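A.B. asks: Next comes the structure file run.csv, holding CSV, C-alpha atoms.
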chain,number,residue,atom,x,y,z
A,12,MET,CA,-2.5,78.2,-34.2
A,13,ASN,CA,-3.6,75.1,-32.3
A,14,HIS,CA,-0.6,73.3,-33.8
A,15,LYS,CA,1.8,75.9,-32.3
A,16,LYS,CA,0.1,75.6,-28.9
A,17,LYS,CA,0.5,71.8,-29.0
A,18,VAL,CA,4.2,72.0,-29.9
A,19,GLY,CA,4.8,74.6,-27.1
A,20,ALA,CA,3.1,72.3,-24.6
A,21,LEU,CA,5.2,69.4,-25.7
A,22,VAL,CA,8.4,71.4,-25.3
A,23,ILE,CA,7.4,72.5,-21.8
A,24,MET,CA,6.5,68.9,-20.8
A,25,LEU,CA,9.9,67.6,-22.3
A,26,GLY,CA,11.7,70.3,-20.3
A,27,VAL,CA,9.9,69.3,-17.1
A,28,MET,CA,10.7,65.6,-17.8
A,29,LEU,CA,14.4,66.4,-18.4
A,30,ALA,CA,14.6,68.5,-15.3
A,31,GLY,CA,13.1,65.6,-13.4
A,32,CYS,CA,15.7,63.2,-14.8
A,33,ASP,CA,18.5,65.6,-13.8
A,34,THR,CA,17.1,65.9,-10.3
A,35,ARG,CA,17.0,62.1,-9.8
A,36,GLN,CA,20.5,61.7,-11.2
A,37,ASN,CA,21.8,64.5,-9.0
A,38,ALA,CA,20.2,62.9,-6.0
A,39,GLU,CA,21.7,59.5,-6.8
A,40,VAL,CA,25.1,61.0,-7.3
A,41,SER,CA,24.8,62.9,-4.0
A,42,ALA,CA,23.8,59.8,-2.2
A,43,LYS,CA,26.8,57.8,-3.7
A,44,LEU,CA,29.2,60.7,-2.8
A,45,GLU,CA,27.8,60.8,0.7
A,46,GLU,CA,28.2,57.0,1.0
A,47,MET,CA,31.8,57.2,-0.3
A,48,GLN,CA,32.6,60.0,2.2
A,49,LYS,CA,31.2,57.9,5.1
A,50,GLU,CA,33.2,54.9,4.0
A,51,GLN,CA,36.4,57.0,3.7
A,52,LYS,CA,35.8,58.4,7.2
A,53,SER,CA,35.2,54.9,8.5
A,54,GLN,CA,38.5,53.7,6.9
A,55,ILE,CA,40.4,56.6,8.3
A,56,LYS,CA,39.0,55.9,11.8
A,57,ARG,CA,40.0,52.2,11.4
A,58,LEU,CA,43.5,53.1,10.4
A,59,ALA,CA,43.7,55.5,13.3
A,60,ASP,CA,42.5,52.8,15.7
A,61,VAL,CA,45.1,50.3,14.3
A,62,GLU,CA,47.9,52.9,14.7
A,63,GLU,CA,46.8,53.6,18.3
A,64,GLN,CA,46.7,49.9,19.0
A,65,GLN,CA,50.2,49.5,17.6
A,66,LYS,CA,51.5,52.4,19.7
A,67,GLN,CA,49.9,50.8,22.8
A,68,ILE,CA,51.5,47.4,22.0
A,69,VAL,CA,54.9,49.0,21.7
A,70,LEU,CA,54.3,50.9,25.0
A,71,ASN,CA,53.2,47.7,26.7
A,72,GLN,CA,56.2,45.9,25.5
A,73,GLU,CA,58.5,48.6,26.8
A,74,THR,CA,56.7,48.6,30.1
A,75,ILE,CA,57.0,44.8,30.4
A,76,ALA,CA,60.7,44.9,29.4
A,77,LYS,CA,61.4,47.4,32.1
A,78,ALA,CA,59.5,45.4,34.7
A,79,LEU,CA,61.3,42.2,33.8
A,80,GLN,CA,64.7,43.9,34.2
A,81,LYS,CA,63.8,44.5,37.8
A,82,ILE,CA,62.9,40.9,38.6
A,83,ASP,CA,65.4,38.5,39.9
A,84,LYS,CA,66.3,35.8,37.3
A,85,LYS,CA,65.1,32.9,39.5
A,86,GLN,CA,61.8,34.6,40.1
A,87,MET,CA,61.4,35.3,36.4
A,88,SER,CA,61.8,31.6,35.5
A,89,LEU,CA,60.0,30.5,38.7
A,90,GLU,CA,62.9,28.1,39.5
A,91,TYR,CA,61.8,27.8,43.1
A,92,THR,CA,59.0,28.4,45.6
A,93,GLU,CA,59.5,29.5,49.2
A,94,PHE,CA,56.8,29.5,51.8
A,95,ASP,CA,55.8,29.2,55.5
A,96,PRO,CA,54.4,25.6,55.7
A,97,THR,CA,52.2,26.6,58.6
A,98,ARG,CA,50.5,29.4,56.6
A,99,THR,CA,50.5,28.1,53.1
A,100,ARG,CA,47.9,25.8,51.6
A,101,TYR,CA,48.8,25.7,47.9
A,102,PHE,CA,52.0,26.4,45.9
A,103,ILE,CA,53.4,26.1,42.4
A,104,LEU,CA,56.7,24.5,41.3
A,105,ASN,CA,57.5,25.6,37.7
A,106,ASN,CA,60.9,25.7,36.0
A,107,VAL,CA,59.6,26.1,32.4
A,108,SER,CA,60.4,22.4,31.6
A,109,LEU,CA,58.2,21.0,34.3
A,110,ALA,CA,55.1,22.3,36.1
A,111,LEU,CA,53.7,21.0,39.4
A,112,ALA,CA,51.2,22.3,41.8
A,113,GLY,CA,51.3,21.3,45.4
A,114,LYS,CA,49.4,21.6,48.7
A,115,MET,CA,50.4,21.2,52.3
A,116,VAL,CA,48.9,18.1,54.0
A,117,SER,CA,50.5,17.8,57.4
A,118,ILE,CA,53.7,18.3,59.5
A,119,THR,CA,54.5,15.7,62.1
A,120,PRO,CA,57.5,15.1,64.4
A,121,THR,CA,60.1,12.5,63.8
A,122,GLU,CA,63.3,11.7,65.5
A,123,GLY,CA,65.6,14.7,65.2
A,124,GLY,CA,63.2,16.7,62.9
A,125,SER,CA,59.9,16.8,61.1
A,126,VAL,CA,58.1,15.0,58.4
A,127,VAL,CA,56.3,17.2,55.9
A,128,ARG,CA,53.6,15.6,53.8
A,129,LEU,CA,52.8,17.3,50.5
A,130,SER,CA,50.4,16.4,47.8
A,131,LEU,CA,51.7,17.2,44.3
A,132,VAL,CA,49.9,17.2,40.9
A,133,ASN,CA,51.4,17.0,37.5
A,134,LEU,CA,50.3,20.0,35.3
A,135,LEU,CA,51.8,18.6,32.1
A,136,SER,CA,50.0,16.5,29.5
A,137,VAL,CA,52.5,13.6,29.8
A,138,PRO,CA,53.6,11.4,32.8
A,139,VAL,CA,56.6,12.6,34.8
A,140,SER,CA,58.9,10.2,36.7
A,141,ASN,CA,61.9,10.2,39.1
A,142,ILE,CA,61.1,13.7,40.4
A,143,GLY,CA,63.8,15.1,42.7
A,144,PHE,CA,63.9,18.2,44.8
A,145,HIS,CA,66.4,20.8,46.1
A,146,VAL,CA,65.0,21.6,49.6
A,147,THR,CA,66.0,24.3,52.1
A,148,TRP,CA,64.3,24.7,55.5
A,149,GLY,CA,64.5,26.4,58.8
A,150,GLY,CA,62.9,28.9,61.2
A,151,ALA,CA,60.9,31.9,60.3
A,152,LYS,CA,62.4,34.3,57.7
A,153,PRO,CA,63.1,37.6,59.5
A,154,ALA,CA,61.3,40.7,58.4
A,155,ASN,CA,64.4,42.7,59.2
A,156,GLY,CA,67.0,42.5,56.4
A,157,GLN,CA,69.8,43.0,58.8
A,158,GLU,CA,69.0,39.7,60.5
A,159,GLU,CA,68.7,37.7,57.2
A,160,ALA,CA,72.4,36.8,56.9
A,161,ARG,CA,72.4,35.2,60.3
A,162,TRP,CA,69.2,33.4,59.6
A,163,GLN,CA,70.6,32.0,56.3
A,164,GLN,CA,73.5,30.5,58.2
A,165,LEU,CA,71.1,28.5,60.4
A,166,LEU,CA,69.1,27.0,57.4
A,167,PHE,CA,69.4,23.3,56.5
A,168,SER,CA,69.6,22.2,52.9
A,169,HIS,CA,69.6,18.8,51.0
A,170,ASP,CA,69.0,17.3,47.6
A,171,MET,CA,66.3,14.7,47.7
A,172,ASN,CA,65.5,11.9,45.2
A,173,SER,CA,62.3,9.9,44.6
A,174,ASP,CA,60.9,7.3,42.3
A,175,LEU,CA,57.7,9.2,42.1
A,176,LEU,CA,55.6,8.8,38.9
A,177,LEU,CA,52.9,11.5,38.4
A,178,LEU,CA,50.3,11.0,35.7
A,179,PRO,CA,48.8,14.1,34.1
A,180,GLY,CA,46.3,15.7,36.6
A,181,GLN,CA,47.1,13.1,39.3
A,182,TRP,CA,47.6,14.1,42.9
A,183,GLN,CA,50.2,12.1,44.8
A,184,ASP,CA,51.3,12.4,48.4
A,185,VAL,CA,55.1,12.8,49.1
A,186,ASN,CA,56.9,12.8,52.5
A,187,LEU,CA,59.8,15.1,53.0
A,188,THR,CA,61.9,14.3,56.1
A,189,LEU,CA,63.5,17.5,57.3
A,190,LYS,CA,66.1,17.0,60.0
A,191,GLY,CA,67.3,19.5,62.5
A,192,ILE,CA,64.1,21.3,63.3
A,193,SER,CA,60.8,20.4,65.1
A,194,PRO,CA,57.4,21.1,63.7
A,195,ASN,CA,56.8,23.9,66.2
A,196,ASN,CA,59.9,25.8,64.8
A,197,LEU,CA,59.6,24.9,61.1
A,198,ARG,CA,58.5,28.1,59.4
A,199,TYR,CA,60.3,28.2,56.1
A,200,ILE,CA,60.6,25.8,53.2
A,201,LYS,CA,62.2,26.6,49.8
A,202,MET,CA,61.8,24.0,47.1
A,203,SER,CA,63.0,23.6,43.5
A,204,ILE,CA,62.9,20.7,41.0
A,205,ASP,CA,66.0,18.6,40.4
A,206,MET,CA,65.9,17.8,36.7
A,207,GLU,CA,68.9,15.4,36.7
A,208,LYS,CA,66.9,12.2,36.6
A,209,ILE,CA,63.5,13.5,35.4
A,210,GLY,CA,61.7,11.3,32.9
A,211,LEU,CA,58.9,12.5,30.6
A,212,ASP,CA,57.2,9.2,30.0
A,213,HIS,CA,55.0,9.2,26.9
A,214,GLU,CA,54.2,5.5,27.4
A,215,PHE,CA,53.4,3.9,30.7
A,216,SER,CA,51.6,1.0,32.3
A,217,PRO,CA,48.2,1.9,34.0
A,218,LYS,CA,49.4,-0.2,37.0
A,219,GLU,CA,52.2,2.3,37.5
A,220,GLY,CA,49.7,5.1,38.2
A,221,LYS,CA,48.4,3.3,41.4
A,222,GLN,CA,50.9,4.6,43.9
A,223,LYS,CA,51.0,5.0,47.7
A,224,THR,CA,52.6,7.9,49.5
A,225,ARG,CA,56.3,8.1,48.5
A,226,ASP,CA,59.2,9.3,50.5
A,227,ALA,CA,61.7,11.7,49.1
A,228,THR,CA,65.2,10.5,50.2
A,229,ARG,CA,68.4,12.4,50.5
A,230,LYS,CA,71.1,11.9,47.9
Translate the structure of the given file into structure tokens.

C.D. replies:
Amino acid sequence: MNHKKKVGALVIMLGVMLAGCDTRQNAEVSAKLEEMQKEQKSQIKRLADVEEQQKQIVLNQETIAKALQKIDKKQMSLEYTEFDPTRTRYFILNNVSLALAGKMVSITPTEGGSVVRLSLVNLLSVPVSNIGFHVTWGGAKPANGQEEARWQQLLFSHDMNSDLLLLPGQWQDVNLTLKGISPNNLRYIKMSIDMEKIGLDHEFSPKEGKQKTRDATRK
């Protein structure tokens, strides 16, 4: 009789142990399934984010393309800069091949016109030499478009050469002699870079970098 009781107790204990093992295994499986579900949700979210980013990139590209279609070719390539020298402190000259920054220094009278002193800096990583300019100048640009045609007829324009050498990051003063208008009436300058004789000098003498103010002369 005692033997039967012992066997029965062992069977009950074994059942409890097996039930405990099943419970632990089920918990581990559930935890793994939950972890896999979280990972799947995370991957789905990442894919959705990537898809949204791609849509946004396409949208941005379309927006930029539409905007560029409305911009004048010269403004797109930044071939020239135009400004009122009495109100402008800094400006940029950039035609893709060459990039200069400039600042107004002074405007002084000369016989039959004005001398505009600019300070230019080379934004490239190599020296640039023989910089020439296409320059147009005159009185204030009219706000009324109907008067612009008449105003354009009164503008002066010349191509100017120089033997200027600009080292990378170096500021150099340049004098532009603008005939036909006094400093009091000079309210408009339009400049672009003449690439005809430009030199990109990868080798240069340090002595060449020590320059005084240069004059840009007419062709």

A.B. asks: For atom CA of A:Glu158 and atom CA of A:Pro96, quote the distance in Å rounded to one decimal.

C.D. replies: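 So the answer is 20.9 Å.
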
A.B. asks: Calculate how many Å separate atom CA of A:Asp205 from atom CA of A:Asn141, rounding to one decimal.

C.D. replies: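 A separation of 9.4 Å between them.
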
A.B. asks: Counting all atoms listed in the file, which of A:Glu62, A:Asp170, A:Glu90, A:Glu50 gets nearest to A:Asn105?

C.D. replies: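 Closest residue, counting all atoms listed in the file: A:Glu90.
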
A.B. asks: Rounded to one decimal, what separation in Å do you get between atom CA of A:Pro120 and atom CA of A:Gln164?

C.D. replies: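 Computing it gives 23.1 Å between the two atoms.
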
A.B. asks: For each of A:Arg161, A:His169, A:Arg98, A:Arg198, take the minimum atom-to-atom distance to A:Gly149, counting all atoms listed in the file, then give the residue where this is smallest.

C.D. replies: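 Using all atoms listed in the file, the shortest distance to A:Gly149 belongs to A:Arg198.
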
A.B. asks: From the options A:Leu111, A:Ala160, A:Leu189, A:Leu211, which residue's atoms come nearest to A:Gly123, counting all atoms listed in the file?

C.D. replies: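 Using all atoms listed in the file, the shortest distance to A:Gly123 belongs to A:Leu189.
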
A.B. asks: Between A:Thr188, A:Asn106, A:Asn196, A:Gln183, which is the closest to A:Glu122 once you count only C-alpha atoms?

C.D. replies: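 Under the stated criterion, the closest residue is A:Thr188.
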
A.B. asks: Residues at most 8 Å from A:Ala112, counting only C-alpha atoms, excluding those fewer than 4 positions away in the same chain, as a count of residues only?

C.D. replies: 8
